[in-house]
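Enquirer: Can you read through this structure? Questions will come right after.
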Amino acid sequence: MTRFHTLRRQQRMPRPIDEVFAFFSDARNLEEITPPWLGFRILTPGPIRIAEGTRIRYRLRLHGIPLGWTTEIRQWRPPVRFVDVQLEGPYGLWHHTHRFEPRDGGTLMTDVVRYRLPLGIIGRAVHRLKVRRDVERIFDYRFRRIQEFFDGALTEAK
């Protein structure tokens, strides 16, 4: 049986959908909203033109262990949806759907991440002990940074 875990988060931003989608369309902004303790860096030379099939390479450190990560954009539907999947990295499955919809004069963003660790029962045990909390902490941090950006506290990415 193929088991995966799901993380679902929603966040409302008081900005129009085109502006919010533009922020998430710029791969450089991922560094801005990723926790510093991950040492996250984009390795793909810029500028990165996002479209279906775009592949982006990253480097990060998870609990001090250096890891490479490559994702591919599988769906690209501006300004309402895009999906990225891990091609190479620490997960057996990483499928991240980003949805955007106009709501109450702003934009409601919904993230749905389906993920699975490798190693079967061992991976499931590690998930319970550590990984679930790590993924939640990463998305908690993202939520705060996105809120800061759209409240004007962050400077725009260079």
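Convention: chains lettered A, B, ... in structure tokens order; per-chain residue numbering from 1; ligands numbered from 1 as shown.
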Do a neighbour search on Pro90 in chain A at 9 Å with only C-alpha atoms, toss out local chain neighbours closer than 4 positions, and write the hits as a PyMOL selection string.

Expert: chain A and resi 67-69+86+117-118

Enquirer: Using the selection just defined, write its residues with C-alpha atoms as an mmCIF file, in the first residue's frame.

Expert:
data_model
loop_
_atom_site.group_PDB
_atom_site.id
_atom_site.type_symbol
_atom_site.label_atom_id
_atom_site.label_comp_id
_atom_site.auth_asym_id
_atom_site.auth_seq_id
_atom_site.Cartn_x
_atom_site.Cartn_y
_atom_site.Cartn_z
ATOM 1 C CA LEU A 67 21.133 17.687 0.454
ATOM 2 C CA GLY A 68 20.431 18.399 -3.176
ATOM 3 C CA TRP A 69 16.861 18.873 -4.342
ATOM 4 C CA GLN A 86 10.443 16.581 -6.465
ATOM 5 C CA LEU A 117 9.613 9.336 2.996
ATOM 6 C CA PRO A 118 11.591 6.485 1.477
#

Enquirer: Find the residues near Trp94 in chain A: any atom within 10 Å, counting only C-alpha atoms, skip ones fewer than 5 places away on the same chain, and give them as a list in words.

Expert: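 Listed by chain and then number, they are Phe4, His5, Thr6, Thr71, Asp84, Val85, Gln86, Leu87, Glu88, Gly89, Val113, Arg114, Tyr115, Arg116 and Leu117 of chain A.
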
Enquirer: Can you work out the spacing between CA of Arg59 in chain A and CA of Asp18 in chain A in Å, to one decimal?

Expert: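 Between these atoms lies a distance of 29.0 Å.
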
Enquirer: Using only C-alpha atoms, which of A:Glu136, A:Glu32, A:Glu72, A:Glu101 sits nearest Val20 in chain A?

Expert: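 The shortest atom-to-atom distance to Val20 in chain A comes from A:Glu101.
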
Enquirer: Between CA of Ile50 in chain A and CA of Ile17 in chain A, what is the distance in Å, rounded to a tenth?

Expert: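 If I compute the distance from CA of Ile50 in chain A to CA of Ile17 in chain A, I get 17.3 Å.
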
Enquirer: In Å, how far is it from CA of Asn29 in chain A to CA of Asp104 in chain A?

Expert: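 Those two atoms sit 25.0 Å apart.
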
Enquirer: Which is closest to Val112 in chain A among A:Arg132, A:Arg3, A:Arg49, A:Arg9, if we use only C-alpha atoms?

Expert: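 Of A:Arg132, A:Arg3, A:Arg49, A:Arg9, the one nearest Val112 in chain A is A:Arg9, counting only C-alpha atoms.
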
Enquirer: For a quick check of understanding, using only C-alpha atoms, which of A:Gly105, A:Tyr141, A:Gln147, A:Thr110 has the smallest distance to Pro16 in chain A?

Expert: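 The closest residue to Pro16 in chain A is A:Gly105.
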
Enquirer: What parts of chain A does DSSP call strand (DSSP E or B)? I'd like the answer as a PyMOL selection string.

Expert: chain A and resi 5-13+41-42+55-62+65-77+81-88+93-103+106-116

Enquirer: Please identify all polymer residues within 12 Å of Pro102 in chain A, counting only C-alpha atoms, omitting same-chain residues fewer than 5 positions from it, and present them as a list in words.

Expert: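 Result of the neighbour search: Gln11, Arg12, Met13, Pro14, Arg15, Pro16, Ile17, Asp18, Glu19, Val20, Phe21, Pro79, Val80, Thr107, Leu108, Met109 and Thr110 of chain A.
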
Enquirer: Please, which residues of range 65-130 of chain A, numbered as in this document, come out helix (DSSP H, G or I) from DSSP, as JSON, numbers by chain?

Expert: {"A": [120, 121, 122, 123, 124, 125, 126, 127, 128, 129, 130]}

Enquirer: Which residues are close to Asp111 in chain A, i.e. within 7 Å by only C-alpha atoms, leaving aside same-chain residues fewer than 4 positions away? Reply as a VMD selection string.

Expert: chain A and resid 8 to 10 96 to 99

Enquirer: Output the selection as a PDB file, in the first residue's frame - N, CA and C atoms for each residue.

Expert:
ATOM      1  N   ARG A   8      -1.853  20.638   4.619  1.00  0.00           N
ATOM      2  CA  ARG A   8      -2.720  21.607   3.944  1.00  0.00           C
ATOM      3  C   ARG A   8      -2.688  22.903   4.755  1.00  0.00           C
ATOM      4  N   ARG A   9      -2.395  23.998   4.076  1.00  0.00           N
ATOM      5  CA  ARG A   9      -2.363  25.306   4.729  1.00  0.00           C
ATOM      6  C   ARG A   9      -3.068  26.322   3.840  1.00  0.00           C
ATOM      7  N   GLN A  10      -3.743  27.262   4.493  1.00  0.00           N
ATOM      8  CA  GLN A  10      -4.371  28.369   3.774  1.00  0.00           C
ATOM      9  C   GLN A  10      -3.911  29.679   4.392  1.00  0.00           C
ATOM     10  N   HIS A  96       3.565  19.289  -4.513  1.00  0.00           N
ATOM     11  CA  HIS A  96       3.105  20.521  -3.865  1.00  0.00           C
ATOM     12  C   HIS A  96       2.212  21.295  -4.830  1.00  0.00           C
ATOM     13  N   THR A  97       0.933  21.404  -4.461  1.00  0.00           N
ATOM     14  CA  THR A  97      -0.038  22.172  -5.240  1.00  0.00           C
ATOM     15  C   THR A  97      -0.239  23.522  -4.572  1.00  0.00           C
ATOM     16  N   HIS A  98      -0.120  24.581  -5.368  1.00  0.00           N
ATOM     17  CA  HIS A  98      -0.326  25.960  -4.913  1.00  0.00           C
ATOM     18  C   HIS A  98      -1.573  26.467  -5.643  1.00  0.00           C
ATOM     19  N   ARG A  99      -2.600  26.862  -4.894  1.00  0.00           N
ATOM     20  CA  ARG A  99      -3.820  27.397  -5.510  1.00  0.00           C
ATOM     21  C   ARG A  99      -4.047  28.819  -5.004  1.00  0.00           C
TER      22      ARG A  99
END

Enquirer: Taking only C-alpha atoms into account, name the residue in A:Gly39, A:Tyr58, A:Phe139, A:Phe24 that is nearest to Val83 in chain A.

Expert: A:Phe24
